[in-house]
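Q: If it helps, the file is called upload.cif and holds mmCIF, C-alpha atoms and all ligand atoms:
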```cif
data_start
loop_
_atom_site.label_atom_id
_atom_site.label_comp_id
_atom_site.auth_asym_id
_atom_site.auth_seq_id
_atom_site.Cartn_x
_atom_site.Cartn_y
_atom_site.Cartn_z
CA MET A 16 -12.12 -0.60 -7.46
CA LYS A 17 -10.77 -0.05 -4.00
CA VAL A 18 -7.23 1.28 -3.54
CA ARG A 19 -6.51 -1.59 -1.13
CA GLU A 20 -8.12 -4.87 -2.14
CA LYS A 21 -8.53 -5.85 1.52
CA LEU A 22 -9.11 -3.35 4.30
CA PRO A 23 -6.17 -3.42 6.73
CA LYS A 24 -7.07 -4.16 10.34
CA ARG A 25 -4.74 -3.58 13.28
CA ARG A 26 -4.65 -6.35 15.86
CA GLU A 27 -5.75 -5.67 19.41
CA ASN A 28 -2.68 -7.20 20.99
CA PRO A 29 0.60 -6.70 19.13
CA THR A 30 3.20 -9.47 19.49
CA LYS A 31 5.88 -7.14 20.85
CA VAL A 32 6.00 -4.51 23.57
CA PRO A 33 8.80 -2.30 22.23
CA LYS A 34 10.94 -0.08 24.40
CA LYS A 35 10.78 3.65 23.81
CA GLY A 36 11.82 4.62 20.29
CA LYS A 37 11.67 1.04 18.98
CA TRP A 38 8.32 1.25 17.24
CA SER A 39 9.79 -0.46 14.15
CA GLN A 40 9.63 -3.71 16.16
CA HIS A 41 5.93 -3.65 15.30
CA LYS A 42 6.75 -3.96 11.60
CA PRO A 43 6.15 -7.73 11.25
CA ASP A 44 2.72 -7.41 12.92
CA LEU A 45 1.89 -4.39 10.78
CA ARG A 46 2.98 -6.18 7.63
CA GLU A 47 0.57 -8.99 8.41
CA ASP A 48 -2.27 -6.69 9.47
CA PHE A 49 -1.86 -4.62 6.30
CA HIS A 50 -1.77 -7.81 4.19
CA CYS A 51 1.73 -6.98 2.83
CA HIS A 52 0.41 -3.85 1.11
CA CYS A 53 1.00 -0.15 1.74
CA GLY A 54 -1.88 1.24 3.83
CA TYR A 55 -2.10 4.36 1.69
CA CYS A 56 -1.44 3.43 -1.96
CA GLY A 57 -2.18 -0.30 -1.68
CA SER A 58 1.06 -1.34 -3.44
CA TYR A 59 2.32 -4.86 -2.77
CA ASP A 60 5.61 -5.01 -0.86
CA GLY A 61 7.31 -7.69 -2.96
CA TYR A 62 9.28 -5.52 -5.38
CA ARG A 63 12.73 -4.03 -5.28
CA HIS A 64 12.91 -0.30 -4.59
CA THR A 65 9.60 -0.24 -2.78
CA TRP A 66 10.87 -0.91 0.69
CA TYR A 67 8.39 -0.50 3.47
CA GLU A 68 8.45 1.62 6.57
CA VAL A 69 6.46 2.18 9.73
CA ASP A 70 4.59 5.47 9.51
CA HIS A 71 3.08 7.37 12.44
CA PHE A 72 -0.44 8.22 11.25
CA ILE A 73 -0.57 11.22 13.60
CA PRO A 74 2.92 12.67 13.01
CA LYS A 75 5.48 12.10 15.72
CA SER A 76 6.65 15.72 15.52
CA LEU A 77 3.14 16.84 16.50
CA PHE A 78 2.49 14.65 19.54
CA GLU A 79 5.99 13.99 20.81
CA PRO A 80 6.66 17.41 22.39
CA LEU A 81 3.40 17.16 24.37
CA GLY A 82 3.71 13.43 24.97
CA GLN A 83 0.03 12.81 24.20
CA ILE A 84 0.66 9.52 22.40
CA SER A 85 3.43 6.98 22.78
CA THR A 86 5.66 6.68 19.69
CA GLU A 87 5.19 2.89 19.97
CA GLU A 88 1.37 3.07 20.14
CA TYR A 89 0.26 0.40 17.68
CA SER A 90 -3.08 2.04 16.83
CA ASN A 91 -1.19 5.02 15.42
CA LEU A 92 1.11 3.02 13.13
CA VAL A 93 0.72 2.35 9.42
CA TYR A 94 2.60 -0.09 7.19
CA SER A 95 3.62 2.30 4.43
CA CYS A 96 5.76 2.27 1.31
CA LYS A 97 8.62 4.73 1.51
CA PHE A 98 7.08 6.89 -1.22
CA CYS A 99 3.85 7.45 0.71
CA ASN A 100 5.75 7.91 3.96
CA ASN A 101 8.22 10.37 2.43
CA ASN A 102 5.48 12.45 0.88
CA LYS A 103 3.26 12.47 3.93
CA LEU A 104 6.06 13.47 6.34
CA SER A 105 4.67 15.58 9.18
CA LYS A 106 1.64 16.94 7.33
CA TRP A 107 -1.37 17.31 9.63
CA PRO A 108 -3.34 20.39 8.61
CA SER A 109 -5.55 20.71 11.72
CA GLY A 110 -2.54 20.84 14.05
CA ASP A 111 -4.68 18.96 16.58
CA VAL A 112 -4.00 15.27 17.29
CA ASN A 113 -7.74 14.68 17.73
CA ILE A 114 -8.73 16.13 14.33
CA PRO A 115 -7.39 14.02 11.43
CA ASN A 116 -9.12 16.16 8.81
CA TYR A 117 -10.70 19.56 8.70
CA LYS A 118 -12.29 21.52 5.83
CA ASN A 119 -11.32 18.94 3.22
CA GLU A 120 -7.69 18.80 4.26
CA GLY A 121 -6.07 16.03 6.26
CA PHE A 122 -6.26 12.27 6.49
CA ILE A 123 -8.47 9.22 7.04
CA ASP A 124 -6.89 6.37 8.99
CA PRO A 125 -6.18 3.70 6.35
CA CYS A 126 -7.75 1.05 8.62
CA ASN A 127 -11.04 2.93 8.52
CA SER A 128 -13.30 1.82 5.65
CA ASP A 129 -14.12 5.50 5.13
CA TYR A 130 -10.74 5.77 3.38
CA ASP A 131 -12.36 4.14 0.35
CA ASN A 132 -15.05 6.81 0.19
CA HIS A 133 -12.42 9.37 -0.75
CA LEU A 134 -10.02 7.55 -3.06
CA TYR A 135 -10.42 4.72 -5.55
CA ARG A 136 -8.41 2.70 -8.04
CA MET A 137 -9.19 3.09 -11.71
CA ASN A 138 -9.42 0.07 -14.03
CA ASN A 139 -5.86 0.60 -15.24
CA GLY A 140 -4.54 0.45 -11.65
CA SER A 141 -3.83 4.14 -11.04
CA ILE A 142 -5.40 6.04 -8.13
CA MET A 143 -8.05 8.78 -8.39
CA TRP A 144 -9.97 10.90 -5.89
CA LYS A 145 -13.72 10.94 -5.21
CA THR A 146 -14.04 13.87 -2.80
CA GLU A 147 -12.27 17.13 -2.05
CA LEU A 148 -10.58 15.51 0.95
CA GLY A 149 -9.55 12.64 -1.33
CA LYS A 150 -8.13 15.19 -3.77
CA TRP A 151 -6.05 16.77 -0.98
CA MET A 152 -4.63 13.37 -0.01
CA TRP A 153 -4.12 12.58 -3.69
CA ASN A 154 -2.12 15.62 -4.77
CA THR A 155 -0.90 17.29 -1.57
CA ALA A 156 -0.27 14.50 0.94
CA PHE A 157 0.80 11.47 -1.09
CA LYS A 158 1.41 13.00 -4.55
CA PHE A 159 -0.45 10.16 -6.24
CA ASP A 160 -0.81 12.49 -9.22
CA GLU A 161 2.97 12.44 -9.79
CA ARG A 162 3.36 8.78 -8.79
CA ASN A 163 0.50 7.25 -10.76
CA TYR A 164 2.71 5.77 -13.49
CA ALA A 165 4.61 3.67 -10.94
CA ILE A 166 1.46 2.91 -8.94
CA LYS A 167 -0.22 1.62 -12.11
CA LEU A 168 2.79 -0.55 -13.04
CA LEU A 169 3.03 -1.95 -9.51
CA TRP A 170 -0.63 -2.83 -9.56
CA GLU A 171 -0.40 -4.46 -13.03
CA VAL A 172 2.68 -6.49 -12.19
CA ASN A 173 1.12 -7.70 -8.95
CA GLN A 174 -2.15 -8.68 -10.67
CA LEU A 175 -0.12 -10.72 -13.16
CA ARG A 176 1.94 -12.29 -10.38
CA LYS A 177 -1.21 -13.46 -8.61
CA LEU A 178 -2.71 -14.86 -11.82
CA ILE A 179 0.50 -16.68 -12.76
CA PHE A 180 0.66 -18.31 -9.31
CA ALA A 181 -3.01 -19.28 -9.50
CA TYR A 182 -2.43 -20.87 -12.93
CA SER A 183 0.68 -22.66 -11.78
CA GLU A 184 -1.24 -24.07 -8.82
CA GLN A 185 -3.98 -25.25 -11.14
CA LEU A 186 -1.44 -26.79 -13.53
CA SER A 187 0.19 -28.75 -10.73
CA LYS A 188 -3.08 -30.62 -10.25
CA MET A 189 -3.70 -31.37 -13.91
CA ASP A 190 -2.68 -34.16 -16.26
CA GLU A 191 0.36 -32.88 -18.17
CA GLN A 192 -0.67 -34.79 -21.29
CA SER A 193 -4.13 -33.26 -21.54
CA ASN A 194 -5.18 -30.54 -23.98
CA ASP A 195 -6.54 -28.47 -21.10
CA TYR A 196 -3.11 -28.52 -19.50
CA ARG A 197 -1.42 -27.31 -22.66
CA ALA A 198 -4.02 -24.56 -23.19
CA LEU A 199 -3.63 -23.29 -19.64
CA GLU A 200 0.14 -23.52 -19.86
CA GLU A 201 0.04 -21.32 -22.97
CA LYS A 202 -2.03 -18.76 -21.12
CA ALA A 203 0.39 -18.81 -18.19
CA LYS A 204 3.31 -18.31 -20.58
CA ASP A 205 1.59 -15.28 -22.18
CA LEU A 206 1.07 -13.77 -18.74
CA SER A 207 4.66 -14.45 -17.74
CA PHE A 208 5.85 -12.71 -20.90
CA LYS A 209 3.73 -9.64 -20.04
CA TYR A 210 4.95 -9.79 -16.44
CA VAL A 211 8.59 -9.58 -17.50
CA LEU A 212 7.93 -6.58 -19.76
CA ILE A 213 5.95 -4.63 -17.16
CA HIS A 214 8.50 -5.48 -14.49
CA LYS A 215 11.20 -4.08 -16.79
CA ASP A 216 9.23 -0.82 -17.22
CA LEU A 217 8.94 -0.62 -13.45
CA MET A 218 12.67 -1.16 -12.88
CA ASP A 219 13.53 1.36 -15.64
CA TYR A 220 11.29 3.86 -13.90
CA TYR A 221 12.89 3.30 -10.46
CA ASN A 222 16.37 3.46 -11.93
CA SER A 223 15.53 6.80 -13.52
CA LEU A 224 14.64 8.38 -10.15
ZN ZN B 1 2.30 3.64 -0.60
#
```
Take the structure in the file and give it back as structure tokens.

A:
Amino acid sequence: MKVREKLPKRRENPTKVPKKGKWSQHKPDLREDFHCHCGYCGSYDGYRHTWYEVDHFIPKSLFEPLGQISTEEYSNLVYSCKFCNNNKLSKWPSGDVNIPNYKNEGFIDPCNSDYDNHLYRMNNGSIMWKTELGKWMWNTAFKFDERNYAIKLLWEVNQLRKLIFAYSEQLSKMDEQSNDYRALEEKAKDLSFKYVLIHKDLMDYYNSL
């Protein structure tokens, strides 16, 4: 499976033209362009404790002194969960704004489909690497190795959420007296039960941090 179900795509013309230092004004556009998921770990942004930030793909600390890129430049921004953003920080092994990765260390822009050639999602929802560069992103840049328990729970709870909503939509169009309705309702109830338990594991995990 892919880490992000849908490849994020930055728009050509962002809605806002922020003043210097106000790059976070791009957040609503980024949220939409990244389909409400973190560009790096693919986690859905709908859960408590996983607040989302605007990351500079090429780190600000690298380009700011030389002024090569504007801090508000949309093409350099990533919708990122705080865990990915906090682990990535100002890492940029090549030290050159034009070289995102070098000798299996560094990054792939999350809007580039090549990202999926280096990392993938296992059937249980956790993230694994495919290449040496993927491994560097996995354990050095984003610490997916240490975060995989939460990443897996977030993925599971979001899969259940989507299924429950799909079932509820289907139910709303069905005859409440029919056997099919009752069968589907049972299924939806089972899923909701699982959802609550996994969500509890997730909250216990966050509260233990
Ligand atoms: Zn993330």

Q: Which residue gives the smallest distance to ligand ZN 1 (chain B) among A:Gly57, A:Pro23, A:Pro33, A:Gly110, with only C-alpha atoms and all ligand atoms counted?

A: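 Closest candidate: A:Gly57.
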
Q: For the interface of chain A with ligand ZN 1 (chain B) (cut-off 7 Å, counting all atoms listed in the file), please tabulate each contacting residue of chain A alongside its nearest pair of atoms and their separation in Å to one decimal, rows sorted by chain and increasing number, as CSV.

A:
```
residue,atom,partner,partner_atom,distance
A:Cys53,CA,B:ZN1,ZN,4.6
A:Gly54,CA,B:ZN1,ZN,6.5
A:Tyr55,CA,B:ZN1,ZN,5.0
A:Cys56,CA,B:ZN1,ZN,4.0
A:Gly57,CA,B:ZN1,ZN,6.1
A:Ser58,CA,B:ZN1,ZN,5.9
A:Ser95,CA,B:ZN1,ZN,5.4
A:Cys96,CA,B:ZN1,ZN,4.2
A:Lys97,CA,B:ZN1,ZN,6.8
A:Phe98,CA,B:ZN1,ZN,5.8
A:Cys99,CA,B:ZN1,ZN,4.3
```

Q: Select from range 134-186 of chain A every residue with an atom at most 12 Å from any atom of range 119-123 of chain A, then for each give the shortest pair of atoms and their distance in Å to one decimal, using all atoms listed in the file, rows by chain and rising number, as CSV.

A:
```
residue,atom,partner,partner_atom,distance
A:Leu134,CA,A:Ile123,CA,10.4
A:Lys145,CA,A:Asn119,CA,11.9
A:Thr146,CA,A:Asn119,CA,8.3
A:Glu147,CA,A:Asn119,CA,5.7
A:Leu148,CA,A:Asn119,CA,4.2
A:Gly149,CA,A:Asn119,CA,8.0
A:Lys150,CA,A:Asn119,CA,8.5
A:Trp151,CA,A:Glu120,CA,5.9
A:Met152,CA,A:Phe122,CA,6.8
A:Trp153,CA,A:Phe122,CA,10.4
A:Asn154,CA,A:Glu120,CA,11.1
A:Thr155,CA,A:Glu120,CA,9.1
A:Ala156,CA,A:Gly121,CA,8.0
A:Phe157,CA,A:Phe122,CA,10.4
```

Q: Identify which of the residues A:Met189, A:Lys42, A:Gln174, A:Ser223 lies closest to Asn138 in chain A, counting all atoms listed in the file when measuring atom-to-atom distances.

A: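 Ranking A:Met189, A:Lys42, A:Gln174, A:Ser223 by distance to Asn138 in chain A, first place goes to A:Gln174.
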
Q: Find, counting only C-alpha atoms, the residue in A:Asp205, A:Glu20, A:Asp219, A:Glu171 that gets nearest to Tyr135 in chain A.

A: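 Once distances to Tyr135 in chain A are computed over only C-alpha atoms, the minimum belongs to A:Glu20.
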
Q: Just give me the gap between CA of Leu175 in chain A and CA of Val69 in chain A in Å, one decimal is fine.

A: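 According to the coordinates, CA of Leu175 in chain A and CA of Val69 in chain A are separated by 27.1 Å.
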
Q: Provide the CA of Ala203 in chain A to CA of Ile142 in chain A distance in Å, to one decimal place.

A: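 Separation of CA of Ala203 in chain A and CA of Ile142 in chain A: 27.4 Å.
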
Q: So, counting all atoms listed in the file, which residue among A:Ala181, A:Ala165, A:Asp129, A:Arg197 is closest to Asn222 in chain A?

A: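 Using all atoms listed in the file, the shortest distance to Asn222 in chain A belongs to A:Ala165.
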
Q: What does the distance from CA of Tyr67 in chain A to CA of Glu47 in chain A come to in Å, to one decimal?

A: 12.6 Å

Q: Neighbours of range 80-85 of chain A within 9 Å (only C-alpha atoms; same-chain residues fewer than 4 positions away dropped), as a VMD selection string?

A: chain A and resid 35 75 to 76 89 91 112

Q: Between A:Tyr182, A:Asp216, A:Trp144, A:Trp107, which residue has the minimum interatomic distance to Ala198 in chain A, considering all atoms listed in the file?

A: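 Once distances to Ala198 in chain A are computed over all atoms listed in the file, the minimum belongs to A:Tyr182.
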